[in-house]
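Dumped entry.csv below, it's CSV, C-alpha atoms and all ligand atoms:
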```
chain,number,residue,atom,x,y,z
W,1,MET,CA,20.7,-11.0,-7.7
W,2,ALA,CA,22.7,-10.6,-4.4
W,3,ASP,CA,20.7,-11.0,-1.2
W,4,PRO,CA,19.2,-7.7,-0.1
W,5,PRO,CA,21.0,-6.1,2.9
W,6,PRO,CA,20.0,-6.9,6.5
W,7,HIS,CA,17.4,-4.5,7.9
W,8,SER,CA,20.0,-2.8,10.1
W,9,GLN,CA,21.5,-1.3,6.9
W,10,LEU,CA,18.3,0.1,5.5
W,11,GLU,CA,17.6,3.8,5.7
W,12,LEU,CA,14.9,4.5,8.3
W,13,PHE,CA,12.1,6.5,6.8
W,14,LEU,CA,9.1,6.4,9.1
W,15,THR,CA,9.1,5.0,12.7
W,16,SER,CA,6.4,2.8,14.0
W,17,ASP,CA,5.2,5.7,16.3
W,18,GLN,CA,4.9,8.0,13.3
W,19,ILE,CA,3.0,5.4,11.3
W,20,GLN,CA,0.7,4.6,14.2
W,21,GLN,CA,-0.1,8.3,14.9
W,22,ARG,CA,-1.0,8.9,11.3
W,23,VAL,CA,-3.1,5.7,11.1
W,24,GLN,CA,-5.1,6.9,14.1
W,25,GLU,CA,-5.6,10.3,12.4
W,26,MET,CA,-6.7,8.6,9.2
W,27,GLY,CA,-9.1,6.3,11.1
W,28,ALA,CA,-10.7,9.2,12.8
W,29,GLU,CA,-11.0,11.1,9.5
W,30,ILE,CA,-12.7,8.2,7.8
W,31,SER,CA,-15.0,7.6,10.8
W,32,ARG,CA,-16.1,11.3,10.6
W,33,ASP,CA,-16.5,11.2,6.8
W,34,PHE,CA,-18.7,8.1,6.8
W,35,ALA,CA,-20.5,8.7,10.1
W,36,GLY,CA,-23.6,6.6,10.5
W,37,GLN,CA,-22.6,4.2,7.6
W,38,SER,CA,-21.1,0.8,7.4
W,39,LEU,CA,-18.0,0.2,5.3
W,40,LEU,CA,-16.5,-2.7,3.4
W,41,LEU,CA,-12.7,-2.4,3.6
W,42,ILE,CA,-10.9,-4.1,0.7
W,43,GLY,CA,-7.2,-4.7,1.3
W,44,VAL,CA,-4.9,-5.1,-1.6
W,45,LEU,CA,-2.7,-8.2,-0.8
W,46,THR,CA,-0.1,-8.6,0.4
W,47,GLY,CA,1.4,-5.2,1.1
W,48,ALA,CA,-1.7,-3.5,2.6
W,49,SER,CA,-2.5,-6.3,5.1
W,50,ILE,CA,-0.7,-4.8,8.1
W,51,PHE,CA,-1.9,-1.3,7.4
W,52,LEU,CA,-5.5,-2.6,7.0
W,53,ALA,CA,-5.3,-4.4,10.3
W,54,ASP,CA,-4.3,-1.2,12.1
W,55,LEU,CA,-6.6,1.1,10.1
W,56,ALA,CA,-9.7,-1.1,10.7
W,57,ARG,CA,-9.1,-0.9,14.4
W,58,ALA,CA,-8.8,2.9,14.2
W,59,ILE,CA,-12.2,3.2,12.5
W,60,SER,CA,-15.2,3.5,14.9
W,61,LEU,CA,-17.8,2.3,12.4
W,62,ASN,CA,-19.1,-1.1,11.5
W,63,CYS,CA,-16.6,-2.5,9.0
W,64,ASP,CA,-16.4,-5.8,7.2
W,65,LEU,CA,-13.2,-6.9,5.5
W,66,ASP,CA,-12.3,-8.5,2.2
W,67,PHE,CA,-9.1,-8.9,0.3
W,68,ILE,CA,-8.1,-8.8,-3.4
W,69,SER,CA,-4.8,-9.8,-5.0
W,70,VAL,CA,-3.3,-8.4,-8.2
W,71,ALA,CA,0.0,-8.6,-9.8
W,72,SER,CA,1.8,-6.0,-11.9
W,73,TYR,CA,4.3,-6.9,-14.6
W,74,GLY,CA,7.8,-5.5,-14.4
W,75,THR,CA,11.0,-5.8,-12.3
W,76,GLN,CA,11.1,-6.0,-8.5
W,77,GLN,CA,11.2,-2.2,-8.1
W,78,HIS,CA,9.5,-1.0,-11.3
W,79,SER,CA,6.0,-1.8,-12.4
W,80,ARG,CA,5.4,-1.6,-16.2
W,81,GLY,CA,1.9,-0.6,-15.5
W,82,GLU,CA,0.1,-3.8,-16.6
W,83,VAL,CA,-2.0,-5.4,-14.0
W,84,ARG,CA,-3.8,-8.8,-13.7
W,85,LEU,CA,-6.1,-10.3,-11.1
W,86,LEU,CA,-4.8,-13.1,-8.9
W,87,ARG,CA,-7.5,-13.5,-6.3
W,88,GLY,CA,-11.0,-11.9,-6.4
W,89,LEU,CA,-13.3,-10.8,-3.7
W,90,GLU,CA,-15.6,-13.0,-1.5
W,91,HIS,CA,-18.2,-10.2,-1.0
W,92,PRO,CA,-20.5,-8.8,-3.6
W,93,VAL,CA,-19.9,-5.0,-3.6
W,94,GLU,CA,-23.1,-3.9,-5.2
W,95,ASN,CA,-24.7,-1.1,-3.1
W,96,MET,CA,-21.9,-1.3,-0.5
W,97,ASN,CA,-19.8,1.6,0.8
W,98,VAL,CA,-16.4,0.4,-0.4
W,99,LEU,CA,-13.0,1.6,0.9
W,100,VAL,CA,-10.0,0.2,-1.0
W,101,VAL,CA,-7.0,0.0,1.3
W,102,GLU,CA,-3.6,0.3,-0.6
W,103,ASP,CA,-0.1,0.2,0.9
W,104,ILE,CA,1.4,2.5,-1.7
W,105,VAL,CA,0.3,4.2,-4.9
W,106,ASP,CA,3.2,4.3,-7.3
W,107,THR,CA,2.4,4.3,-11.1
W,108,ALA,CA,-1.3,4.0,-10.0
W,109,ALA,CA,-1.8,1.2,-12.5
W,110,THR,CA,-3.2,-1.0,-9.7
W,111,LEU,CA,-5.5,1.6,-8.4
W,112,SER,CA,-6.8,2.4,-11.9
W,113,TYR,CA,-7.4,-1.3,-12.6
W,114,LEU,CA,-9.2,-1.8,-9.3
W,115,ARG,CA,-11.4,1.3,-9.7
W,116,THR,CA,-12.6,0.2,-13.1
W,117,MET,CA,-13.2,-3.3,-11.9
W,118,LEU,CA,-15.1,-2.3,-8.7
W,119,LEU,CA,-17.1,0.5,-10.3
W,120,ALA,CA,-18.5,-2.1,-12.8
W,121,GLU,CA,-20.0,-3.9,-9.8
W,122,ARG,CA,-22.0,-0.7,-8.8
W,123,PRO,CA,-21.0,0.0,-5.2
W,124,ALA,CA,-23.0,2.7,-3.4
W,125,LEU,CA,-19.7,4.5,-2.9
W,126,LEU,CA,-16.0,3.8,-3.8
W,127,LYS,CA,-13.2,5.6,-2.0
W,128,VAL,CA,-9.5,4.8,-1.7
W,129,VAL,CA,-7.1,5.2,1.2
W,130,THR,CA,-3.3,4.6,0.8
W,131,LEU,CA,-0.6,4.7,3.4
W,132,LEU,CA,2.0,6.0,1.0
W,133,ASP,CA,1.8,8.0,-2.2
W,134,LYS,CA,4.7,8.3,-4.7
W,135,PRO,CA,3.3,10.9,-7.1
W,136,SER,CA,6.5,11.3,-9.1
W,137,ARG,CA,6.0,7.9,-10.8
W,138,ARG,CA,2.4,8.2,-12.0
W,139,LEU,CA,1.4,6.6,-15.3
W,140,GLN,CA,-2.3,7.0,-14.5
W,141,THR,CA,-4.0,10.2,-13.3
W,142,VAL,CA,-6.0,8.6,-10.5
W,143,THR,CA,-5.1,9.2,-6.9
W,144,ALA,CA,-6.3,8.1,-3.5
W,145,ASP,CA,-8.9,10.1,-1.5
W,146,THR,CA,-7.0,9.7,1.7
W,147,ILE,CA,-3.2,9.7,1.8
W,148,GLY,CA,-1.0,8.8,4.9
W,149,PHE,CA,2.3,10.2,3.7
W,150,THR,CA,3.6,11.5,0.3
W,151,ILE,CA,7.1,10.2,-0.3
W,152,PRO,CA,9.9,10.8,-2.9
W,153,ASN,CA,10.8,8.3,-5.6
W,154,ARG,CA,12.5,5.7,-3.3
W,155,PHE,CA,11.6,2.0,-2.8
W,156,ALA,CA,9.9,1.7,0.6
W,157,VAL,CA,9.9,-1.5,2.6
W,158,GLY,CA,8.5,-2.7,6.0
W,159,TYR,CA,5.1,-2.4,7.6
W,160,GLY,CA,3.7,-4.9,5.1
W,161,MET,CA,5.8,-3.8,2.1
W,162,ASP,CA,8.5,-6.1,0.7
W,163,PHE,CA,11.4,-6.4,-1.6
W,164,ALA,CA,11.5,-9.9,-3.0
W,165,GLY,CA,9.7,-11.3,0.0
W,166,TYR,CA,12.0,-9.6,2.6
W,167,TYR,CA,11.2,-7.0,5.2
W,168,ARG,CA,7.4,-7.2,5.4
W,169,ASN,CA,7.2,-7.8,9.1
W,170,LEU,CA,9.4,-4.8,10.1
W,171,PRO,CA,7.4,-2.3,12.2
W,172,ASN,CA,9.1,0.7,10.8
W,173,ILE,CA,9.2,1.8,7.1
W,174,TYR,CA,12.7,2.0,5.4
W,175,CYS,CA,14.1,3.0,2.0
W,176,MET,CA,16.1,0.5,0.1
W,177,PRO,CA,19.7,1.6,-0.7
W,178,PRO,CA,20.5,1.5,-4.4
W,179,ALA,CA,21.2,-2.1,-5.5
W,180,SER,CA,24.7,-1.1,-6.6
W,181,ASN,CA,25.6,-0.6,-2.9
W,182,TRP,CA,24.4,-3.9,-1.5
W,183,SER,CA,27.5,-5.9,-1.5
W,184,SER,CA,29.6,-3.2,0.1
W,185,LEU,CA,26.9,-2.7,2.7
W,186,HIS,CA,27.1,-6.4,3.6
W,187,LEU,CA,30.9,-6.0,4.1
W,188,GLY,CA,30.4,-2.8,6.1
W,189,LYS,CA,32.3,-0.7,3.5
W,190,THR,CA,31.5,2.9,2.5
W,191,PRO,CA,30.0,2.8,-1.0
E,1,LIG,P1,1.4,0.7,-8.8
E,1,LIG,O1,2.6,1.0,-9.6
E,1,LIG,O2,0.8,2.0,-8.2
E,1,LIG,O3,0.4,-0.1,-9.5
E,1,LIG,O4,1.8,-0.1,-7.5
E,1,LIG,C1,1.7,-1.5,-7.5
E,1,LIG,C2,2.2,-2.1,-6.3
E,1,LIG,O5,3.6,-2.1,-6.4
E,1,LIG,C3,1.9,-1.5,-4.9
E,1,LIG,O6,0.6,-1.9,-4.4
E,1,LIG,C4,3.0,-2.1,-4.1
E,1,LIG,O7,2.6,-3.5,-3.7
E,1,LIG,C5,4.1,-2.2,-5.1
E,1,LIG,N1,5.0,-1.1,-4.9
E,1,LIG,C6,5.2,0.1,-5.6
E,1,LIG,N2,6.1,0.9,-5.1
E,1,LIG,C7,6.6,0.2,-4.0
E,1,LIG,C8,7.6,0.5,-3.0
E,1,LIG,O8,8.2,1.6,-2.9
E,1,LIG,N3,7.8,-0.5,-2.1
E,1,LIG,C9,7.1,-1.6,-2.0
E,1,LIG,N4,6.2,-1.9,-2.9
E,1,LIG,C10,5.9,-1.0,-3.9
```
What is this structure when it is put down as structure tokens?
Amino acid sequence: MADPPPHSQLELFLTSDQIQQRVQEMGAEISRDFAGQSLLLIGVLTGASIFLADLARAISLNCDLDFISVASYGTQQHSRGEVRLLRGLEHPVENMNVLVVEDIVDTAATLSYLRTMLLAERPALLKVVTLLDKPSRRLQTVTADTIGFTIPNRFAVGYGMDFAGYYRNLPNIYCMPPASNWSSLHLGKTP
């Protein structure tokens, strides 16, 4: 596989300001919906880590944090819909108000797996928030309760999301160009 293009050649999709504004709105909405309650935020590693850090600070309730790591089988850009657990939670979730924090819901295989797993632990409440939602690729009918942005069927990177370990620390969100264009992008050619 050729190296992915430098970030200057990615297609800008959402600026840091747009993301931050929406994260503040989502934090305020969650604070209203769960007023008077405590929450356990569960971030899905690694992609949701940056979103979770910003969202937690936009929520004006008592929040504890935990993280879970899962892997889905498939290629870099296409999940096959099979999920396995890599790292479990540190907190028991029984009787807790749980908010799962996802970077992106794509096929929803991850979300479906996590919902089944967490519901078996009998939380008081289980809700899901995702920054991005790509409804066109669903294999499962589940969806998030709170959605930041609904996006078309493009591969998004930045703000925690990666392609092969690249781009996670970019403050904006970009779309990857099709892989067939990468080498010409490196050379500055029109594809
Ligand atoms: P799922 O297909 O909904 O199970 O998504 C599984 C995971 O694949 C997400 O949590 C992301 O980590 C990753 N993923 C899916 N689509 C994208 C994308 O467009 N950019 C980066 N990661 C993605």
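Surrounding residues of (-14.3, 2.6, 16.2) at most 12 Å away are Gln24, Met26, Gly27, Ala28, Glu29, Ile30, Ser31, Arg32, Phe34, Ala35, Gly36, Ser38, Leu39, Asp54, Leu55, Ala56, Arg57, Ala58, Ile59, Ser60, Leu61, Asn62 and Cys63 of chain W (based on only C-alpha atoms).
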Where does chain W meet ligand LIG 1 (chain E) within 7 Å, residue by residue, with the nearest atom pair and distance in Å to one decimal for each, counting all atoms listed in the file, listed by chain and rising number, as a tab-separated table?
```
residue	atom	partner	partner_atom	distance
W:Val44	CA	E:LIG1	O6	7.0
W:Gly47	CA	E:LIG1	O7	5.2
W:Ser72	CA	E:LIG1	C1	6.3
W:Gln77	CA	E:LIG1	C7	6.6
W:Ser79	CA	E:LIG1	O1	5.2
W:Gly81	CA	E:LIG1	O1	6.2
W:Glu102	CA	E:LIG1	O6	6.1
W:Asp103	CA	E:LIG1	O6	5.7
W:Ile104	CA	E:LIG1	C3	5.1
W:Val105	CA	E:LIG1	O2	4.0
W:Asp106	CA	E:LIG1	O2	3.4
W:Thr107	CA	E:LIG1	O1	3.6
W:Ala108	CA	E:LIG1	O2	3.4
W:Ala109	CA	E:LIG1	O3	3.9
W:Thr110	CA	E:LIG1	O3	3.7
W:Leu111	CA	E:LIG1	O3	6.2
W:Arg154	CA	E:LIG1	O8	6.0
W:Phe155	CA	E:LIG1	O8	3.4
W:Ala156	CA	E:LIG1	O8	3.9
W:Val157	CA	E:LIG1	N3	5.2
W:Met161	CA	E:LIG1	C9	4.8
W:Asp162	CA	E:LIG1	C9	5.4
W:Phe163	CA	E:LIG1	C9	6.5
```
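Proximity ranking of W:Val100, W:Val70, W:Ala48, W:Ala2 relative to W:Thr143 places W:Val100 first, based on only C-alpha atoms.
If you look at atom CA of W:Gln37 and atom CA of W:Val98, they are 10.8 Å away from each other.
Of note, atom CA of W:Leu85 and atom CA of W:Val129 are spaced 19.8 Å apart.
We find atom CA of W:Val101 and atom CA of W:Ile147 to be spaced 10.4 Å apart.
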Specify the axis-aligned box that encloses all atoms of stretch 9-23 of chain W listed in the file after padding of 6 Å on each side, stating its centre and edge lengths in Å to one decimal as AutoDock Vina command-line options.
```
--center_x 9.2 --center_y 3.8 --center_z 10.9 --size_x 36.6 --size_y 22.2 --size_z 22.8
```
(Q) Under the rule that all atoms listed in the file are counted, which of W:Asn181, W:Thr116, W:Asn95, W:Ser136 is the nearest residue to W:Leu40? (A) W:Asn95
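For the residues W:Asn169, W:Glu94, W:Tyr159, W:Ala53, ranking by smallest atom-to-atom distance to W:Ala120 using only C-alpha atoms places W:Glu94 first.
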Q. Do you know which residues are at most 9 Å from W:Arg87 counting only C-alpha atoms, after dropping those on the same chain fewer than 6 positions away, and could you put them as an MDAnalysis selection string?
A. chainID W and resid 67:70
(Q) Just checking: using only C-alpha atoms, which residue out of W:Leu132, W:Ile151, W:Leu12, W:Met96 ends up closest to W:Leu119? (A) W:Met96
